[in-house]
>>> print(open('start.cif').read())   # mmCIF, C-alpha atoms
data_start
#
loop_
_atom_site.label_atom_id
_atom_site.label_comp_id
_atom_site.auth_asym_id
_atom_site.auth_seq_id
_atom_site.Cartn_x
_atom_site.Cartn_y
_atom_site.Cartn_z
CA MET A 286 111.52 75.53 123.88
CA LYS A 287 112.20 74.92 127.54
CA LYS A 288 109.60 75.91 130.02
CA ALA A 289 109.84 75.55 133.77
CA ASP A 290 107.07 73.17 134.80
CA GLY A 291 104.11 74.38 136.73
CA LYS A 292 104.94 78.07 136.45
CA GLN A 293 101.91 80.11 135.45
CA ILE A 294 102.97 82.77 132.97
CA PRO A 295 101.56 86.16 134.04
CA GLN A 296 99.57 88.10 131.43
CA ARG A 297 102.02 91.03 131.52
CA VAL A 298 104.83 88.65 130.52
CA VAL A 299 102.69 87.24 127.68
CA SER A 300 101.97 90.79 126.51
CA ARG A 301 105.65 91.59 126.52
CA LEU A 302 106.47 88.45 124.51
CA ALA A 303 104.58 89.97 121.58
CA MET A 304 106.65 93.13 122.01
CA TYR A 305 109.91 91.11 122.10
CA TYR A 306 108.81 89.38 118.93
CA ARG A 307 108.07 92.67 117.21
CA VAL A 308 111.30 94.38 118.26
CA LEU A 309 113.42 91.33 117.38
CA SER A 310 111.73 91.14 113.96
CA GLN A 311 112.80 94.74 113.33
CA LEU A 312 116.34 94.06 114.53
CA GLU A 313 116.64 90.96 112.34
CA LYS A 314 115.33 92.83 109.31
CA GLY A 315 117.88 95.54 110.04
CA GLY A 316 120.68 92.96 109.98
CA VAL A 317 121.52 93.19 113.70
CA GLU A 318 123.18 89.95 114.84
CA ARG A 319 123.35 90.36 118.57
CA ILE A 320 122.06 92.68 121.23
CA SER A 321 122.72 93.20 124.93
CA SER A 322 119.86 93.10 127.42
CA ARG A 323 120.64 96.75 128.15
CA GLU A 324 120.13 97.76 124.50
CA LEU A 325 117.06 95.56 124.12
CA GLY A 326 115.65 97.04 127.32
CA GLU A 327 116.17 100.57 126.03
CA MET A 328 114.30 99.73 122.83
CA MET A 329 111.41 98.28 124.82
CA GLY A 330 111.35 100.74 127.70
CA ILE A 331 111.99 98.10 130.37
CA THR A 332 114.99 97.20 132.52
CA PRO A 333 117.57 94.55 131.60
CA SER A 334 116.68 92.60 134.74
CA GLN A 335 113.03 92.57 133.67
CA ILE A 336 114.07 91.03 130.36
CA ARG A 337 116.11 88.32 132.08
CA GLN A 338 113.21 87.62 134.44
CA ASP A 339 110.65 87.43 131.59
CA LEU A 340 112.76 85.07 129.52
CA SER A 341 113.61 82.89 132.53
CA TYR A 342 110.05 81.52 132.35
CA PHE A 343 111.04 79.79 129.13
CA GLY A 344 114.71 78.91 129.45
CA GLU A 345 118.19 80.39 129.05
CA PHE A 346 118.66 82.47 125.93
CA GLY A 347 121.47 84.92 126.63
CA GLN A 348 125.11 84.62 127.53
CA GLN A 349 126.94 86.72 130.09
CA GLY A 350 129.03 89.32 128.25
CA TYR A 351 127.63 88.40 124.84
CA GLY A 352 123.96 89.26 125.11
CA TYR A 353 121.37 87.69 122.85
CA LYS A 354 121.76 86.28 119.37
CA VAL A 355 118.94 88.11 117.57
CA SER A 356 117.92 85.43 115.04
CA TYR A 357 117.98 82.67 117.68
CA LEU A 358 115.94 84.62 120.24
CA HIS A 359 113.52 85.71 117.52
CA LEU A 360 112.97 82.11 116.44
CA GLU A 361 112.58 80.87 120.02
CA ILE A 362 110.04 83.55 120.89
CA SER A 363 108.19 82.80 117.68
CA ARG A 364 108.00 79.16 118.86
CA ILE A 365 106.94 80.15 122.38
CA LEU A 366 104.15 82.26 120.88
CA GLY A 367 103.05 79.31 118.74
CA LEU A 368 103.64 81.30 115.55
CA GLU A 369 105.33 78.42 113.72
CA LYS A 370 102.01 76.63 113.84
CA GLN A 371 99.29 77.35 111.26
CA HIS A 372 96.16 78.91 112.79
CA SER A 373 92.96 78.94 110.80
CA MET A 374 90.72 81.95 111.38
CA ILE A 375 87.32 83.20 110.38
CA LEU A 376 86.10 86.76 110.47
CA ILE A 377 82.57 87.67 111.46
CA GLY A 378 81.55 91.21 110.53
CA VAL A 379 82.91 92.49 107.21
CA GLY A 380 82.62 96.21 107.88
CA ASN A 381 85.47 98.71 107.74
CA LEU A 382 87.11 97.30 110.85
CA GLY A 383 86.77 93.70 109.62
CA ARG A 384 88.30 94.60 106.27
CA ALA A 385 91.09 96.52 107.95
CA ILE A 386 91.90 93.64 110.32
CA ALA A 387 91.88 91.16 107.44
CA SER A 388 94.34 93.20 105.42
CA TYR A 389 96.26 94.93 108.22
CA THR A 390 98.78 92.22 108.77
CA ASN A 391 99.67 89.58 106.29
CA PHE A 392 98.31 86.84 108.52
CA ARG A 393 99.26 83.96 106.28
CA ASN A 394 102.96 84.77 106.49
CA ARG A 395 102.84 84.68 110.25
CA GLY A 396 101.01 81.41 110.66
CA PHE A 397 97.49 82.87 110.51
CA LYS A 398 95.22 81.97 107.62
CA LEU A 399 91.78 83.43 107.02
CA VAL A 400 89.47 80.64 105.83
CA GLY A 401 86.03 82.23 106.09
CA ALA A 402 84.20 85.57 106.30
CA PHE A 403 80.61 86.13 107.43
CA ASP A 404 78.20 89.03 107.54
CA VAL A 405 74.48 89.55 108.09
CA ARG A 406 74.12 92.18 105.34
CA ASP A 407 72.57 90.76 102.17
CA GLU A 408 74.42 93.17 99.91
CA LEU A 409 77.80 91.72 100.99
CA ILE A 410 76.95 88.05 100.41
CA GLY A 411 78.88 86.53 97.51
CA LYS A 412 81.30 89.46 97.40
CA LYS A 413 84.95 88.88 98.26
CA LEU A 414 87.17 89.67 101.21
CA GLY A 415 90.59 89.16 99.63
CA ASP A 416 90.20 85.74 98.01
CA ILE A 417 87.49 84.60 100.46
CA ASP A 418 83.77 84.56 99.58
CA ILE A 419 81.65 86.45 102.12
CA GLN A 420 78.91 84.13 103.44
CA PRO A 421 75.73 84.88 105.38
CA THR A 422 76.14 84.57 109.15
CA THR A 423 73.29 82.04 109.08
CA GLU A 424 75.85 79.67 107.46
CA LEU A 425 78.34 80.09 110.30
CA ARG A 426 77.32 77.02 112.27
CA ALA A 427 77.29 74.73 109.22
CA PHE A 428 80.70 76.05 108.17
CA LEU A 429 82.17 75.31 111.59
CA LYS A 430 80.78 71.78 111.58
CA GLN A 431 82.68 71.13 108.35
CA ASN A 432 85.90 73.10 108.91
CA LYS A 433 88.40 73.14 111.75
CA VAL A 434 88.82 76.73 112.83
CA ASP A 435 91.14 77.85 115.64
CA ILE A 436 90.29 81.52 116.04
CA GLY A 437 87.17 83.62 115.46
CA ILE A 438 87.69 87.32 114.79
CA LEU A 439 84.70 89.28 116.08
CA THR A 440 84.24 92.57 114.25
CA VAL A 441 80.45 92.73 114.62
CA PRO A 442 78.57 95.48 116.50
CA ALA A 443 78.39 95.03 120.29
CA SER A 444 74.70 94.10 120.04
CA GLN A 445 75.54 90.95 118.04
CA ALA A 446 78.82 89.96 119.65
CA GLN A 447 77.62 87.65 122.44
CA GLN A 448 75.24 85.78 120.15
CA VAL A 449 77.97 85.14 117.58
CA ALA A 450 80.47 84.19 120.29
CA ASP A 451 78.00 81.60 121.64
CA ILE A 452 77.83 79.93 118.21
CA LEU A 453 81.63 79.92 117.88
CA ILE A 454 82.00 78.31 121.29
CA GLU A 455 79.24 75.74 120.75
CA GLU A 456 80.94 74.70 117.53
CA GLY A 457 84.31 74.20 119.16
CA ILE A 458 86.31 77.38 118.60
CA LYS A 459 88.79 77.89 121.44
CA GLY A 460 90.10 81.37 120.72
CA ILE A 461 88.24 84.63 120.11
CA TRP A 462 89.87 87.86 118.98
CA ASN A 463 87.22 90.34 120.04
CA PHE A 464 87.02 93.86 118.63
CA ALA A 465 83.42 94.43 119.70
CA PRO A 466 83.20 96.91 122.58
CA LEU A 467 81.59 94.38 124.92
CA LYS A 468 82.90 92.00 127.58
CA LEU A 469 81.94 88.50 126.42
CA ASN A 470 80.64 85.84 128.78
CA VAL A 471 82.55 82.70 127.92
CA PRO A 472 83.39 79.40 129.65
CA GLU A 473 86.75 79.29 131.41
CA ASN A 474 88.43 77.14 128.76
CA ILE A 475 87.82 79.70 126.02
CA ILE A 476 90.55 82.23 125.40
CA VAL A 477 89.43 85.74 124.56
CA GLU A 478 91.71 88.60 123.58
CA HIS A 479 89.74 91.79 123.69
CA VAL A 480 91.21 94.71 121.74
CA HIS A 481 90.34 97.99 123.45
CA ILE A 482 91.35 100.50 120.80
CA SER A 483 90.20 103.50 122.80
CA ASP A 484 92.46 102.66 125.77
CA SER A 485 95.48 103.97 123.88
CA LEU A 486 93.60 107.16 123.04
CA TYR A 487 92.92 107.68 126.74
CA SER A 488 96.62 107.16 127.49
CA LEU A 489 97.44 109.73 124.83
CA SER A 490 94.96 112.15 126.34
CA PHE A 491 96.50 111.61 129.79
CA ARG A 492 100.03 112.26 128.55
CA LEU A 493 98.94 115.42 126.71
CA HIS A 494 97.02 116.64 129.75
CA GLU A 495 99.92 115.84 132.10
CA ARG A 496 102.47 117.62 129.94
CA PHE A 497 100.68 120.60 128.51
CA ASN A 498 98.27 121.69 131.24
CA MET B 58 92.33 116.11 140.97
CA LYS B 59 95.11 115.81 143.51
CA LYS B 60 98.46 114.63 142.32
CA ALA B 61 101.51 114.08 144.46
CA ASP B 62 104.18 116.49 143.24
CA GLY B 63 107.17 115.26 141.32
CA LYS B 64 106.00 111.65 141.04
CA GLN B 65 106.46 110.32 137.53
CA ILE B 66 103.48 108.16 136.60
CA PRO B 67 104.69 104.82 135.17
CA GLN B 68 103.27 103.81 131.77
CA ARG B 69 101.67 100.65 133.24
CA VAL B 70 99.68 102.83 135.65
CA VAL B 71 98.60 105.09 132.79
CA SER B 72 97.51 102.04 130.78
CA ARG B 73 95.48 100.78 133.73
CA LEU B 74 93.80 104.19 134.15
CA ALA B 75 92.11 103.62 130.78
CA MET B 76 90.96 100.21 132.04
CA TYR B 77 89.62 101.73 135.30
CA TYR B 78 87.74 104.26 133.22
CA ARG B 79 86.23 101.57 131.00
CA VAL B 80 85.21 99.28 133.87
CA LEU B 81 83.79 102.14 135.92
CA SER B 82 81.80 103.34 132.88
CA GLN B 83 80.23 99.88 132.67
CA LEU B 84 79.48 99.81 136.39
CA GLU B 85 77.91 103.25 136.29
CA LYS B 86 75.77 102.32 133.29
CA GLY B 87 74.72 99.20 135.21
CA GLY B 88 73.55 101.35 138.11
CA VAL B 89 76.22 100.19 140.57
CA GLU B 90 76.76 102.82 143.26
CA ARG B 91 79.77 101.55 145.14
CA ILE B 92 82.38 98.86 144.79
CA SER B 93 85.07 97.42 147.03
CA SER B 94 88.67 97.31 145.84
CA ARG B 95 88.40 93.51 146.01
CA GLU B 96 85.45 93.45 143.59
CA LEU B 97 87.02 96.05 141.31
CA GLY B 98 90.25 94.06 141.34
CA GLU B 99 88.43 90.89 140.34
CA MET B 100 86.81 92.68 137.40
CA MET B 101 90.18 93.99 136.24
CA GLY B 102 92.31 90.95 137.02
CA ILE B 103 94.58 92.80 139.46
CA THR B 104 94.96 92.81 143.25
CA PRO B 105 93.18 95.25 145.58
CA SER B 106 96.55 96.52 146.79
CA GLN B 107 97.56 97.24 143.19
CA ILE B 108 94.43 99.37 142.82
CA ARG B 109 95.19 101.32 146.00
CA GLN B 110 98.77 101.82 144.84
CA ASP B 111 97.72 103.00 141.36
CA LEU B 112 95.18 105.47 142.68
CA SER B 113 97.55 106.77 145.36
CA TYR B 114 99.43 108.60 142.57
CA PHE B 115 96.43 110.87 142.24
CA GLY B 116 94.92 111.20 145.71
CA GLU B 117 92.59 109.41 148.11
CA PHE B 118 89.44 108.05 146.52
CA GLY B 119 88.25 105.18 148.68
CA GLN B 120 87.16 104.79 152.26
CA GLN B 121 88.09 101.94 154.58
CA GLY B 122 85.10 99.60 154.86
CA TYR B 123 83.08 101.44 152.22
CA GLY B 124 85.10 101.01 149.04
CA TYR B 125 84.74 103.38 146.13
CA LYS B 126 81.80 105.50 145.09
CA VAL B 127 81.50 104.50 141.43
CA SER B 128 80.26 107.79 139.95
CA TYR B 129 82.83 109.83 141.89
CA LEU B 130 85.77 107.63 140.96
CA HIS B 131 84.58 107.52 137.35
CA LEU B 132 84.45 111.31 137.19
CA GLU B 133 87.82 111.73 138.88
CA ILE B 134 89.52 109.27 136.53
CA SER B 135 87.88 110.97 133.59
CA ARG B 136 89.45 114.23 134.83
CA ILE B 137 92.83 112.61 135.43
CA LEU B 138 92.75 111.28 131.86
CA GLY B 139 91.92 114.75 130.56
CA LEU B 140 88.65 113.51 129.05
CA GLU B 141 86.61 116.47 130.25
CA LYS B 142 88.70 118.61 127.91
CA GLN B 143 87.83 118.89 124.20
CA HIS B 144 90.52 117.42 121.95
CA SER B 145 90.50 118.26 118.26
CA MET B 146 91.76 115.50 115.98
CA ILE B 147 92.53 114.98 112.33
CA LEU B 148 92.77 111.66 110.53
CA ILE B 149 95.31 111.01 107.81
CA GLY B 150 94.59 107.93 105.69
CA VAL B 151 90.92 107.29 104.94
CA GLY B 152 91.15 103.57 104.18
CA ASN B 153 89.21 100.82 105.94
CA LEU B 154 91.16 101.27 109.16
CA GLY B 155 90.80 105.05 109.10
CA ARG B 156 87.04 104.77 108.56
CA ALA B 157 86.77 102.17 111.29
CA ILE B 158 88.72 104.29 113.77
CA ALA B 159 86.62 107.36 112.94
CA SER B 160 83.37 105.53 113.60
CA TYR B 161 84.53 102.97 116.18
CA THR B 162 84.01 105.13 119.20
CA ASN B 163 81.82 108.13 119.37
CA PHE B 164 84.74 110.44 119.90
CA ARG B 165 82.74 113.60 120.30
CA ASN B 166 80.91 112.29 123.33
CA ARG B 167 84.16 111.54 125.06
CA GLY B 168 85.87 114.85 124.42
CA PHE B 169 87.38 113.94 121.06
CA LYS B 170 86.26 115.77 117.94
CA LEU B 171 87.34 114.93 114.41
CA VAL B 172 87.90 118.21 112.53
CA GLY B 173 89.69 117.04 109.38
CA ALA B 174 90.39 114.02 107.19
CA PHE B 175 93.12 113.68 104.57
CA ASP B 176 94.10 111.16 101.93
CA VAL B 177 96.43 111.02 98.92
CA ARG B 178 93.94 109.17 96.69
CA ASP B 179 92.26 111.48 94.17
CA GLU B 180 89.06 109.43 94.09
CA LEU B 181 88.43 110.15 97.80
CA ILE B 182 88.85 113.91 97.64
CA GLY B 183 85.61 115.80 98.20
CA LYS B 184 83.87 112.70 99.52
CA LYS B 185 82.78 112.58 103.15
CA LEU B 186 84.00 110.83 106.27
CA GLY B 187 80.95 111.24 108.50
CA ASP B 188 80.25 114.97 108.17
CA ILE B 189 83.86 115.87 107.34
CA ASP B 190 85.08 116.59 103.78
CA ILE B 191 88.07 114.46 102.80
CA GLN B 192 90.90 116.73 101.66
CA PRO B 193 94.10 115.98 99.74
CA THR B 194 97.12 115.35 101.97
CA THR B 195 98.88 118.18 100.11
CA GLU B 196 96.50 120.52 102.01
CA LEU B 197 97.52 119.13 105.42
CA ARG B 198 100.13 121.77 106.20
CA ALA B 199 97.88 124.68 105.23
CA PHE B 200 95.04 123.23 107.29
CA LEU B 201 97.26 122.96 110.35
CA LYS B 202 98.43 126.54 109.98
CA GLN B 203 94.80 127.68 110.16
CA ASN B 204 93.35 125.24 112.71
CA LYS B 205 94.44 124.24 116.19
CA VAL B 206 94.66 120.45 116.25
CA ASP B 207 95.66 118.42 119.31
CA ILE B 208 95.98 114.90 117.95
CA GLY B 209 96.83 113.42 114.56
CA ILE B 210 95.51 109.93 113.83
CA LEU B 211 97.89 108.14 111.48
CA THR B 212 96.16 105.44 109.46
CA VAL B 213 98.42 105.69 106.40
CA PRO B 214 100.64 102.87 105.11
CA ALA B 215 103.97 102.44 106.89
CA SER B 216 105.81 103.87 103.87
CA GLN B 217 104.09 107.26 104.31
CA ALA B 218 103.87 107.42 108.09
CA GLN B 219 107.14 109.16 108.96
CA GLN B 220 106.71 111.78 106.26
CA VAL B 221 103.20 112.64 107.47
CA ALA B 222 104.31 112.60 111.12
CA ASP B 223 107.06 115.12 110.28
CA ILE B 224 104.49 117.53 108.84
CA LEU B 225 102.23 117.13 111.89
CA ILE B 226 105.13 117.87 114.23
CA GLU B 227 106.45 120.83 112.22
CA GLU B 228 102.97 122.34 112.33
CA GLY B 229 102.68 122.01 116.09
CA ILE B 230 100.73 118.81 116.78
CA LYS B 231 101.78 117.37 120.13
CA GLY B 232 100.03 113.99 120.11
CA ILE B 233 100.07 111.23 117.49
CA TRP B 234 97.83 108.15 117.60
CA ASN B 235 99.77 105.87 115.30
CA PHE B 236 98.24 102.82 113.64
CA ALA B 237 100.94 102.51 110.98
CA PRO B 238 103.17 99.48 111.64
CA LEU B 239 106.30 101.59 111.99
CA LYS B 240 108.18 103.11 114.91
CA LEU B 241 108.15 106.87 114.36
CA ASN B 242 111.16 109.06 115.00
CA VAL B 243 109.86 112.05 116.91
CA PRO B 244 111.31 114.73 119.21
CA GLU B 245 111.07 114.00 122.94
CA ASN B 246 108.24 116.46 123.56
CA ILE B 247 105.90 114.69 121.13
CA ILE B 248 103.62 112.03 122.57
CA VAL B 249 103.04 109.00 120.40
CA GLU B 250 100.65 106.17 121.21
CA HIS B 251 101.36 103.31 118.86
CA VAL B 252 98.58 100.75 118.49
CA HIS B 253 100.03 97.32 117.81
CA ILE B 254 96.95 95.37 116.82
CA SER B 255 98.84 92.16 116.13
CA ASP B 256 100.28 92.00 119.68
CA SER B 257 96.96 90.78 121.01
CA LEU B 258 96.80 88.14 118.28
CA TYR B 259 100.21 86.88 119.39
CA SER B 260 98.99 86.73 122.99
CA LEU B 261 95.99 84.74 121.81
CA SER B 262 98.24 82.39 119.88
CA PHE B 263 100.41 81.91 122.98
CA ARG B 264 97.45 81.10 125.22
CA LEU B 265 96.05 78.63 122.67
CA HIS B 266 99.45 77.00 122.23
CA GLU B 267 100.03 76.85 126.00
CA ARG B 268 96.65 75.30 126.72
CA PHE B 269 95.98 72.98 123.83
CA ASN B 270 99.41 71.66 122.81
#
>>> encode(input="start.cif", output="structure tokens")
Amino acid sequence: MKKADGKQIPQRVVSRLAMYYRVLSQLEKGGVERISSRELGEMMGITPSQIRQDLSYFGEFGQQGYGYKVSYLHLEISRILGLEKQHSMILIGVGNLGRAIASYTNFRNRGFKLVGAFDVRDELIGKKLGDIDIQPTTELRAFLKQNKVDIGILTVPASQAQQVADILIEEGIKGIWNFAPLKLNVPENIIVEHVHISDSLYSLSFRLHERFN
Amino acid sequence: MKKADGKQIPQRVVSRLAMYYRVLSQLEKGGVERISSRELGEMMGITPSQIRQDLSYFGEFGQQGYGYKVSYLHLEISRILGLEKQHSMILIGVGNLGRAIASYTNFRNRGFKLVGAFDVRDELIGKKLGDIDIQPTTELRAFLKQNKVDIGILTVPASQAQQVADILIEEGIKGIWNFAPLKLNVPENIIVEHVHISDSLYSLSFRLHERFN
């Protein structure tokens, strides 16, 4: 992976990297060997020049008149995203959303491994989430002192989210995947990805309203 | 709501409208009466000129030297998003994700009302999702012939998603909120919002990799 030194990668480019990865995964599965930036752009709803500009942050991946080699670009973007590295994760909040997130994607295959699950509800303690024992949230701090965890998945109610996040941060977790509908206060060196599920519903509402009213 | 004629609203502006709505909701709850475009920009991570440009698609909302009146802008954006209108929704796929989506946001309060829930699993039929009876998916078509539904929420496995989407479209549904990890083939007049939950995990992985490696 080449990366031009000192260039700050804008968030919109980072967001699109995930989309490149997804689209290239589909193309590779479908047996497509190469693709032009025009075709790739059409699949992603962006212009070919935007693609070239995005990828230029990381190096040279295409060839004039040939386009992109799908498997190569897929692998490189996987590396850029850090997906070849194993990430250990814990999940706090084993409700419907927590269970859905844990099973939604096969994390292990993509470099993400769930190593712990926590909940405050007594009736869940000792039960399983996949092959993981659900532990009481009171054990969270002790668990983090004994296990290296990269990412905490927050699927607790908003009222508990900040308190849990504080424990994660105090015990050295650097990344939080936050599904609680609450903006977390975190130090600058902590990386939070907040999933706003309702945003896409509002976009859908806008498009319906725009078209059919 | 004013809207300049003939201007196509870019998707990135639509996506930010949902963010404006969310941030302004927080500000209003917090009792904030007015806000400058600089402050609003800082909260959203975009520039003041970007805000002015986004909002210019819809009219004039701010005043030089005063900024924006929070409650007014909140209401106007709610109107622009079509949130003052009642949307009827059905959910297909009452697994963990479906249950989470149904309870995640209080849809009814925001102009979204769940009117039906469907699943293929016999053991779920006749049980409840909130105050809605879960019906067999074989009843979906008949239900849609008798009830006006605006939005279908797809929380079925990828293998069933296209088949269910086809029924929704044939029976007149115009908007699909798709959580199945599959790109749906739909006619041009159908609006699909696809929620890619894993994209944000990839962004998180990138930021961790970028900062700590």
>>> atom_distance(input="start.cif", atom1="CA of Gly460 in chain A", atom2="CA of Ile436 in chain A")
4.7 Å
>>> residues_around(input="start.cif", residues="range 462-474 of chain A", least_positions_apart="5", cutoff="8 Å", atoms="all atoms listed in the file", output="list of chain:residue names")
A:Ile436, A:Gly437, A:Ile438, A:Leu439, A:Thr440, A:Val441, A:Pro442, A:Ala443, A:Ala446, A:Gln447, A:Ala450, A:Asp451, A:Ile454, A:His479, A:Val480, A:His481, B:Ser257, B:Leu258, B:Leu261
>>> atom_distance(input="start.cif", atom1="CA of Glu90 in chain B", atom2="CA of Gln120 in chain B")
13.9 Å
>>> resolve_selection(input="start.cif", expression="the PyMOL selection byres ((chain B) within 9 of (chain A))", output="ChimeraX atom specification")
/B:68,71-76,78-79,137-140,142,144,152-158,161-162,207-208,231-234,238,246-268
>>> write_last_selection(input="start.cif", atoms="C-alpha atoms", output="PDB file, in the coordinates of the input")
ATOM      1  CA  GLN B  68     103.270 103.810 131.770  1.00  0.00           C
ATOM      2  CA  VAL B  71      98.600 105.090 132.790  1.00  0.00           C
ATOM      3  CA  SER B  72      97.510 102.040 130.780  1.00  0.00           C
ATOM      4  CA  ARG B  73      95.480 100.780 133.730  1.00  0.00           C
ATOM      5  CA  LEU B  74      93.800 104.190 134.150  1.00  0.00           C
ATOM      6  CA  ALA B  75      92.110 103.620 130.780  1.00  0.00           C
ATOM      7  CA  MET B  76      90.960 100.210 132.040  1.00  0.00           C
ATOM      8  CA  TYR B  78      87.740 104.260 133.220  1.00  0.00           C
ATOM      9  CA  ARG B  79      86.230 101.570 131.000  1.00  0.00           C
ATOM     10  CA  ILE B 137      92.830 112.610 135.430  1.00  0.00           C
ATOM     11  CA  LEU B 138      92.750 111.280 131.860  1.00  0.00           C
ATOM     12  CA  GLY B 139      91.920 114.750 130.560  1.00  0.00           C
ATOM     13  CA  LEU B 140      88.650 113.510 129.050  1.00  0.00           C
ATOM     14  CA  LYS B 142      88.700 118.610 127.910  1.00  0.00           C
ATOM     15  CA  HIS B 144      90.520 117.420 121.950  1.00  0.00           C
ATOM     16  CA  GLY B 152      91.150 103.570 104.180  1.00  0.00           C
ATOM     17  CA  ASN B 153      89.210 100.820 105.940  1.00  0.00           C
ATOM     18  CA  LEU B 154      91.160 101.270 109.160  1.00  0.00           C
ATOM     19  CA  GLY B 155      90.800 105.050 109.100  1.00  0.00           C
ATOM     20  CA  ARG B 156      87.040 104.770 108.560  1.00  0.00           C
ATOM     21  CA  ALA B 157      86.770 102.170 111.290  1.00  0.00           C
ATOM     22  CA  ILE B 158      88.720 104.290 113.770  1.00  0.00           C
ATOM     23  CA  TYR B 161      84.530 102.970 116.180  1.00  0.00           C
ATOM     24  CA  THR B 162      84.010 105.130 119.200  1.00  0.00           C
ATOM     25  CA  ASP B 207      95.660 118.420 119.310  1.00  0.00           C
ATOM     26  CA  ILE B 208      95.980 114.900 117.950  1.00  0.00           C
ATOM     27  CA  LYS B 231     101.780 117.370 120.130  1.00  0.00           C
ATOM     28  CA  GLY B 232     100.030 113.990 120.110  1.00  0.00           C
ATOM     29  CA  ILE B 233     100.070 111.230 117.490  1.00  0.00           C
ATOM     30  CA  TRP B 234      97.830 108.150 117.600  1.00  0.00           C
ATOM     31  CA  PRO B 238     103.170  99.480 111.640  1.00  0.00           C
ATOM     32  CA  ASN B 246     108.240 116.460 123.560  1.00  0.00           C
ATOM     33  CA  ILE B 247     105.900 114.690 121.130  1.00  0.00           C
ATOM     34  CA  ILE B 248     103.620 112.030 122.570  1.00  0.00           C
ATOM     35  CA  VAL B 249     103.040 109.000 120.400  1.00  0.00           C
ATOM     36  CA  GLU B 250     100.650 106.170 121.210  1.00  0.00           C
ATOM     37  CA  HIS B 251     101.360 103.310 118.860  1.00  0.00           C
ATOM     38  CA  VAL B 252      98.580 100.750 118.490  1.00  0.00           C
ATOM     39  CA  HIS B 253     100.030  97.320 117.810  1.00  0.00           C
ATOM     40  CA  ILE B 254      96.950  95.370 116.820  1.00  0.00           C
ATOM     41  CA  SER B 255      98.840  92.160 116.130  1.00  0.00           C
ATOM     42  CA  ASP B 256     100.280  92.000 119.680  1.00  0.00           C
ATOM     43  CA  SER B 257      96.960  90.780 121.010  1.00  0.00           C
ATOM     44  CA  LEU B 258      96.800  88.140 118.280  1.00  0.00           C
ATOM     45  CA  TYR B 259     100.210  86.880 119.390  1.00  0.00           C
ATOM     46  CA  SER B 260      98.990  86.730 122.990  1.00  0.00           C
ATOM     47  CA  LEU B 261      95.990  84.740 121.810  1.00  0.00           C
ATOM     48  CA  SER B 262      98.240  82.390 119.880  1.00  0.00           C
ATOM     49  CA  PHE B 263     100.410  81.910 122.980  1.00  0.00           C
ATOM     50  CA  ARG B 264      97.450  81.100 125.220  1.00  0.00           C
ATOM     51  CA  LEU B 265      96.050  78.630 122.670  1.00  0.00           C
ATOM     52  CA  HIS B 266      99.450  77.000 122.230  1.00  0.00           C
ATOM     53  CA  GLU B 267     100.030  76.850 126.000  1.00  0.00           C
ATOM     54  CA  ARG B 268      96.650  75.300 126.720  1.00  0.00           C
TER      55      ARG B 268
END
>>> resolve_selection(input="start.cif", expression="the PyMOL selection byres ((chain A and resi 426-428) around 12)", output="JSON, numbers by chain")
{"A": [375, 377, 400, 401, 402, 403, 420, 421, 422, 423, 424, 425, 429, 430, 431, 432, 433, 434, 448, 449, 450, 451, 452, 453, 454, 455, 456, 457, 458]}
>>> atom_distance(input="start.cif", atom1="CA of Gly87 in chain B", atom2="CA of Phe118 in chain B")
20.6 Å
>>> residues_around(input="start.cif", residues="Gly119 in chain B", least_positions_apart="2", cutoff="9 Å", atoms="only C-alpha atoms", output="list in words")
Ser93, Ser94, Arg109, Glu117, Gln121, Gly122, Tyr123, Gly124, Tyr125, Lys126 and Leu130 of chain B
>>> resolve_selection(input="start.cif", expression="the PyMOL selection byres ((chain B and resi 189) around 9)", output="ChimeraX atom specification")
/B:171-174,184-188,190-191
>>> write_last_selection(input="start.cif", atoms="C-alpha atoms", output="PDB file, keeping the file's coordinate frame")
ATOM      1  CA  LEU B 171      87.340 114.930 114.410  1.00  0.00           C
ATOM      2  CA  VAL B 172      87.900 118.210 112.530  1.00  0.00           C
ATOM      3  CA  GLY B 173      89.690 117.040 109.380  1.00  0.00           C
ATOM      4  CA  ALA B 174      90.390 114.020 107.190  1.00  0.00           C
ATOM      5  CA  LYS B 184      83.870 112.700  99.520  1.00  0.00           C
ATOM      6  CA  LYS B 185      82.780 112.580 103.150  1.00  0.00           C
ATOM      7  CA  LEU B 186      84.000 110.830 106.270  1.00  0.00           C
ATOM      8  CA  GLY B 187      80.950 111.240 108.500  1.00  0.00           C
ATOM      9  CA  ASP B 188      80.250 114.970 108.170  1.00  0.00           C
ATOM     10  CA  ASP B 190      85.080 116.590 103.780  1.00  0.00           C
ATOM     11  CA  ILE B 191      88.070 114.460 102.800  1.00  0.00           C
TER      12      ILE B 191
END
